[in-house]
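Below: one structure, written as structure tokens.
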Amino acid sequence: MKSGKPFYSLAVFATAFAMCVVVLGAWTRLADAGLGCPDWPGCYGFLSVPDTAEEIAQAEAAFPDAPFEADKAWPEVIHRYFASTLGLIIIFINIIAWKHRRDPEQPLKLPLFLLVLVIAQGLFGMWTVTLKLWPQVVTTHLLGGFTTLSLLWLLVLRLNNRPWQQPNIPVRQWVRLRPLAMTAMILLICQITLGGWTSSNYAALACPDLPTCQGRWLPPMDFASGFDVAQEIGPNYLGGQMDGEARVAIHMAHRIGAILVTFFMAFLIAKLYLNSGGRELLRLTHILLGLLILQIGLGISNIVFSLPLWVAVAHNAGGALLLLTLVTLNYRLRKVSAF
């Protein structure tokens with residue numbers, strides 16, 4: 001039996017490539033390079049980063065309100081080219097899927113949805129620049145990237161011909177795990193959303209200490225302003241527009257969310273260990289536990305070491321890997337057959 005159906009290998013490559021795009025997006029955002037190129041789709045009117053004295057002079061003359069900074073322009077351009085390449089890969093996946101459309105086992109709707117999603121991601125990438133890092137757009141763009149990555153991985157799971165080892169436990173025990181796994185994934189998505197909102201509003205360092213915040217267990221917080229999704233469009237949001245109490249509210253919401261997700265994940269992992277009846281399920285549980293511990297450590301390190309860039313980017317990547325693990329778990333739980 002082949003390892004996968006047509007375009008399985010391409011779907012695996014696309015998933016790995018999408019992971020790179022997600023990491024590059026986090027790097028661009030956390031390096032404050034989201035407006036490294038003030039225009040779209042070019043960069044200061046060029047296809048790449050201006051590098052000669054003449055090109056830089058032209059760039060600064062064309063955009064006098066956006067002084068040229070090569071160290072911020074390069075992350076933005078690299079991210080754009082990687083994202084565009086991912087779009088081309090997904091187009092190619094759709095061409096192959098259409099070619100094999102008569103095969104009843106070949107997914108067709110999922111690649112088509114991915115194509116629509118990646119087009120929407122391109123639009124949100126444009127709006128990220130033209131609306132000057134409006135937090136609603138930045139957060140939605142982040143979620144779109146995680147969704148694209150997750151659906152590509154789901155496509156890989158569906159295209160894989162290799163049957164997995166089902167656990168030798170009663171089906172009713174297996175079925176009881178399904179709502180727990182789905183709830184864990186929903187909670188994680190909510191936490192990722194909170195993380196995106198925290199980052200896009202520059203609230204990651206609003207609480208520089210642990211376990212307190214600014215030396216208090218309950219610092220002044222303004223949740224109404226912190227979670228005002230109707231804030232106006234127009235200002236330049238680089239650096240954020242909210243006051244201190246609003247940012248503290250966002251940060252504390254993300255912390256509380258992390259605690260809730262950790263406890264629920266720990267409960268799910270315990271249930272998985274108790275009901276483990278096969279090597280593959282046990283391996284998946286080990287991966288989930290390891291990623292959870294790593295993610296907690298990275299989150300704490302972000303605060304203790306004042307948001308080092310590589311730690312913050314790794315924290316984003318850890319969230320993506322946790323999400324892919326839960327997508328795998330939920331897929332496996334729903335594919336088990338009675339025995």
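Ordering of the structure tokens sets the chain letters (A, B, ...), residue numbers begin anew at 1 in every chain, and ligands are numbered from 1 in the order given.
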
If you count only C-alpha atoms, which residues fall within 12 Å of Ala83 (chain A), apart from same-chain ones fewer than 5 positions away, as a tab-separated table (two decimals) with N, CA and C atoms, in the first residue's frame?
```tsv
chain	number	residue	atom	x	y	z
A	14	ALA	N	3.35	21.20	2.07
A	14	ALA	CA	2.59	22.43	2.26
A	14	ALA	C	2.37	22.71	3.74
A	17	PHE	N	5.59	23.97	5.14
A	17	PHE	CA	5.80	25.32	4.63
A	17	PHE	C	4.88	26.31	5.34
A	18	ALA	N	3.63	25.90	5.61
A	18	ALA	CA	2.69	26.76	6.34
A	18	ALA	C	3.19	27.03	7.76
A	19	MET	N	3.84	26.03	8.37
A	19	MET	CA	4.41	26.23	9.69
A	19	MET	C	5.50	27.31	9.63
A	20	CYS	N	6.29	27.29	8.57
A	20	CYS	CA	7.31	28.33	8.40
A	20	CYS	C	6.67	29.70	8.26
A	21	VAL	N	5.55	29.77	7.51
A	21	VAL	CA	4.85	31.04	7.32
A	21	VAL	C	4.32	31.56	8.65
A	22	VAL	N	3.76	30.67	9.48
A	22	VAL	CA	3.25	31.07	10.79
A	22	VAL	C	4.38	31.61	11.67
A	23	VAL	N	5.52	30.92	11.66
A	23	VAL	CA	6.66	31.35	12.47
A	23	VAL	C	7.20	32.68	11.96
A	24	LEU	N	7.29	32.82	10.64
A	24	LEU	CA	7.77	34.09	10.07
A	24	LEU	C	6.80	35.23	10.37
A	25	GLY	N	5.49	34.93	10.38
A	25	GLY	CA	4.51	35.95	10.73
A	25	GLY	C	4.69	36.41	12.17
A	41	PRO	N	1.47	45.60	-2.69
A	41	PRO	CA	2.26	44.43	-2.30
A	41	PRO	C	3.76	44.65	-2.34
A	76	GLU	N	9.40	41.63	6.85
A	76	GLU	CA	8.11	41.81	6.19
A	76	GLU	C	8.13	41.23	4.78
A	77	VAL	N	9.18	41.52	4.02
A	77	VAL	CA	9.28	41.03	2.65
A	77	VAL	C	9.41	39.51	2.62
A	78	ILE	N	10.24	38.96	3.49
A	78	ILE	CA	10.42	37.50	3.54
A	78	ILE	C	9.09	36.82	3.85
A	88	LEU	N	0.57	29.63	-3.89
A	88	LEU	CA	0.80	28.92	-5.15
A	88	LEU	C	0.76	27.40	-4.93
A	89	ILE	N	1.31	26.95	-3.81
A	89	ILE	CA	1.29	25.51	-3.50
A	89	ILE	C	-0.15	25.02	-3.34
A	90	ILE	N	-0.97	25.82	-2.65
A	90	ILE	CA	-2.37	25.43	-2.45
A	90	ILE	C	-3.14	25.44	-3.77
A	118	VAL	N	-6.84	30.96	1.76
A	118	VAL	CA	-5.54	31.59	1.51
A	118	VAL	C	-5.72	32.90	0.72
A	119	ILE	N	-6.77	32.99	-0.10
A	119	ILE	CA	-7.07	34.26	-0.77
A	119	ILE	C	-7.49	35.30	0.27
A	120	ALA	N	-8.34	34.87	1.22
A	120	ALA	CA	-8.75	35.77	2.30
A	120	ALA	C	-7.54	36.20	3.13
A	121	GLN	N	-6.61	35.29	3.36
A	121	GLN	CA	-5.40	35.62	4.09
A	121	GLN	C	-4.57	36.68	3.37
A	122	GLY	N	-4.54	36.59	2.05
A	122	GLY	CA	-3.85	37.61	1.28
A	122	GLY	C	-4.47	38.98	1.47
A	123	LEU	N	-5.81	39.03	1.50
A	123	LEU	CA	-6.50	40.29	1.72
A	123	LEU	C	-6.21	40.84	3.11
A	124	PHE	N	-6.24	39.95	4.12
A	124	PHE	CA	-5.95	40.41	5.48
A	124	PHE	C	-4.49	40.85	5.62
A	125	GLY	N	-3.60	40.20	4.87
A	125	GLY	CA	-2.22	40.65	4.86
A	125	GLY	C	-2.10	42.07	4.31
A	126	MET	N	-2.87	42.36	3.26
A	126	MET	CA	-2.89	43.71	2.70
A	126	MET	C	-3.47	44.70	3.71
A	141	HIS	N	-5.81	37.90	11.08
A	141	HIS	CA	-4.78	37.38	10.18
A	141	HIS	C	-4.00	36.25	10.86
A	144	GLY	N	-6.21	33.24	10.93
A	144	GLY	CA	-6.27	32.67	9.58
A	144	GLY	C	-5.06	31.82	9.27
A	145	GLY	N	-3.89	32.25	9.74
A	145	GLY	CA	-2.68	31.47	9.54
A	145	GLY	C	-2.74	30.14	10.27
A	148	THR	N	-5.24	27.89	8.43
A	148	THR	CA	-4.65	27.32	7.22
A	148	THR	C	-3.73	26.16	7.55
A	149	LEU	N	-2.88	26.35	8.54
A	149	LEU	CA	-1.96	25.29	8.97
A	149	LEU	C	-2.73	24.06	9.44
```

Could you list, as a PyMOL selection string, every residue within 6 Å of region 243-259 of chain A, counting only C-alpha atoms and ignoring same-chain residues fewer than 6 positions away? chain A and resi 191+194+198+203+206+220-223+225-226

Restrict the selected residues to C-alpha atoms and save them as an mmCIF file, in the first residue's frame.
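Below is the file result.cif, written as the result:
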```cif
data_model
loop_
_atom_site.group_PDB
_atom_site.id
_atom_site.type_symbol
_atom_site.label_atom_id
_atom_site.label_comp_id
_atom_site.auth_asym_id
_atom_site.auth_seq_id
_atom_site.Cartn_x
_atom_site.Cartn_y
_atom_site.Cartn_z
ATOM 1 C CA GLN A 191 -6.289 31.010 24.145
ATOM 2 C CA LEU A 194 -6.222 35.900 23.376
ATOM 3 C CA THR A 198 -2.302 40.461 23.532
ATOM 4 C CA ALA A 203 0.178 43.988 26.109
ATOM 5 C CA ALA A 206 1.920 44.930 30.775
ATOM 6 C CA PRO A 220 -6.319 48.090 38.131
ATOM 7 C CA MET A 221 -7.818 46.677 34.927
ATOM 8 C CA ASP A 222 -10.049 48.164 32.236
ATOM 9 C CA PHE A 223 -11.678 45.225 30.448
ATOM 10 C CA SER A 225 -11.346 49.313 26.786
ATOM 11 C CA GLY A 226 -9.065 46.305 26.544
#
```

When distances are computed from only C-alpha atoms, which of A:Thr325, A:Gln231, A:Ser199, A:Gln241 shows the smallest separation from Leu281 (chain A)? A:Thr325

Using only C-alpha atoms: which of A:Ala204, A:Leu115, A:Leu188, A:Ile91 has the shortest distance to Gly318 (chain A):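 The closest residue to Gly318 (chain A) is A:Leu188.
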
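In terms of minimum interatomic distance to Arg178 (chain A), A:Arg332 ranks closest within A:Arg332, A:Lys5, A:Lys72, A:Arg158, counting only C-alpha atoms.
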
Apply DSSP to the backbone of this structure and, from region 83-326 of chain A, keep only the residues in alpha helix (DSSP H); write these as an MDAnalysis selection string. chainID A and resid 83:99 109:130 135:159 171:200 223:226 244:275 279:304 309:326

I'd like to know which of A:Leu291, A:Leu268, A:Leu274, A:Leu309 is closest to Leu322 (chain A), using only C-alpha atoms.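 Closest to Leu322 (chain A) of all the choices is A:Leu291.
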
Could you check which of A:Ala320, A:Val12, A:Ala53, A:Val137 is closest to Met185 (chain A), using only C-alpha atoms?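 Among A:Ala320, A:Val12, A:Ala53, A:Val137, it is A:Ala320 that comes nearest to Met185 (chain A).
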
Between CA of Pro38 (chain A) and CA of Leu86 (chain A), distance in Å (one decimal):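 A separation of 22.5 Å between them.
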
Using only C-alpha atoms, find the one residue out of A:Tyr273, A:Tyr202, A:Asp71, A:Arg80 that sits nearest to Leu47 (chain A).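 Checking each of A:Tyr273, A:Tyr202, A:Asp71, A:Arg80 against Leu47 (chain A), counting only C-alpha atoms, the winner is A:Arg80.
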
Using only C-alpha atoms, determine which residues lie at most 12 Å from Ser48 (chain A), disregarding the query and same-chain residues fewer than 5 positions distant; provide the list as an MDAnalysis selection string. chainID A and resid 36:37 39:43 55:56 59 70 73:81

Please save C-alpha atoms of the selected residues as a PDB file, in the first residue's frame.
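Wrote again.pdb, looks like this:
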```
ATOM      1  CA  GLY A  36       8.492  47.476   7.729  1.00  0.00           C
ATOM      2  CA  CYS A  37       7.086  48.101   4.252  1.00  0.00           C
ATOM      3  CA  ASP A  39       2.892  49.831   1.054  1.00  0.00           C
ATOM      4  CA  TRP A  40       1.467  46.638  -0.418  1.00  0.00           C
ATOM      5  CA  PRO A  41       2.256  44.428  -2.298  1.00  0.00           C
ATOM      6  CA  GLY A  42       5.643  46.074  -2.911  1.00  0.00           C
ATOM      7  CA  CYS A  43       8.092  47.485  -0.412  1.00  0.00           C
ATOM      8  CA  GLU A  55      16.735  53.224  -4.113  1.00  0.00           C
ATOM      9  CA  ILE A  56      16.683  54.170  -0.424  1.00  0.00           C
ATOM     10  CA  ALA A  59      11.862  55.160  -0.966  1.00  0.00           C
ATOM     11  CA  ALA A  70      16.217  47.601   6.466  1.00  0.00           C
ATOM     12  CA  ALA A  73      11.698  45.721   5.929  1.00  0.00           C
ATOM     13  CA  TRP A  74      13.412  42.356   5.426  1.00  0.00           C
ATOM     14  CA  PRO A  75      11.198  40.333   7.835  1.00  0.00           C
ATOM     15  CA  GLU A  76       8.107  41.812   6.188  1.00  0.00           C
ATOM     16  CA  VAL A  77       9.281  41.030   2.646  1.00  0.00           C
ATOM     17  CA  ILE A  78      10.416  37.505   3.538  1.00  0.00           C
ATOM     18  CA  HIS A  79       7.065  36.789   5.180  1.00  0.00           C
ATOM     19  CA  ARG A  80       5.189  38.093   2.132  1.00  0.00           C
ATOM     20  CA  TYR A  81       7.158  35.952  -0.308  1.00  0.00           C
TER      21      TYR A  81
END
```

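Counting from CA of Lys132 (chain A), the distance to CA of Phe113 (chain A) is 28.0 Å.
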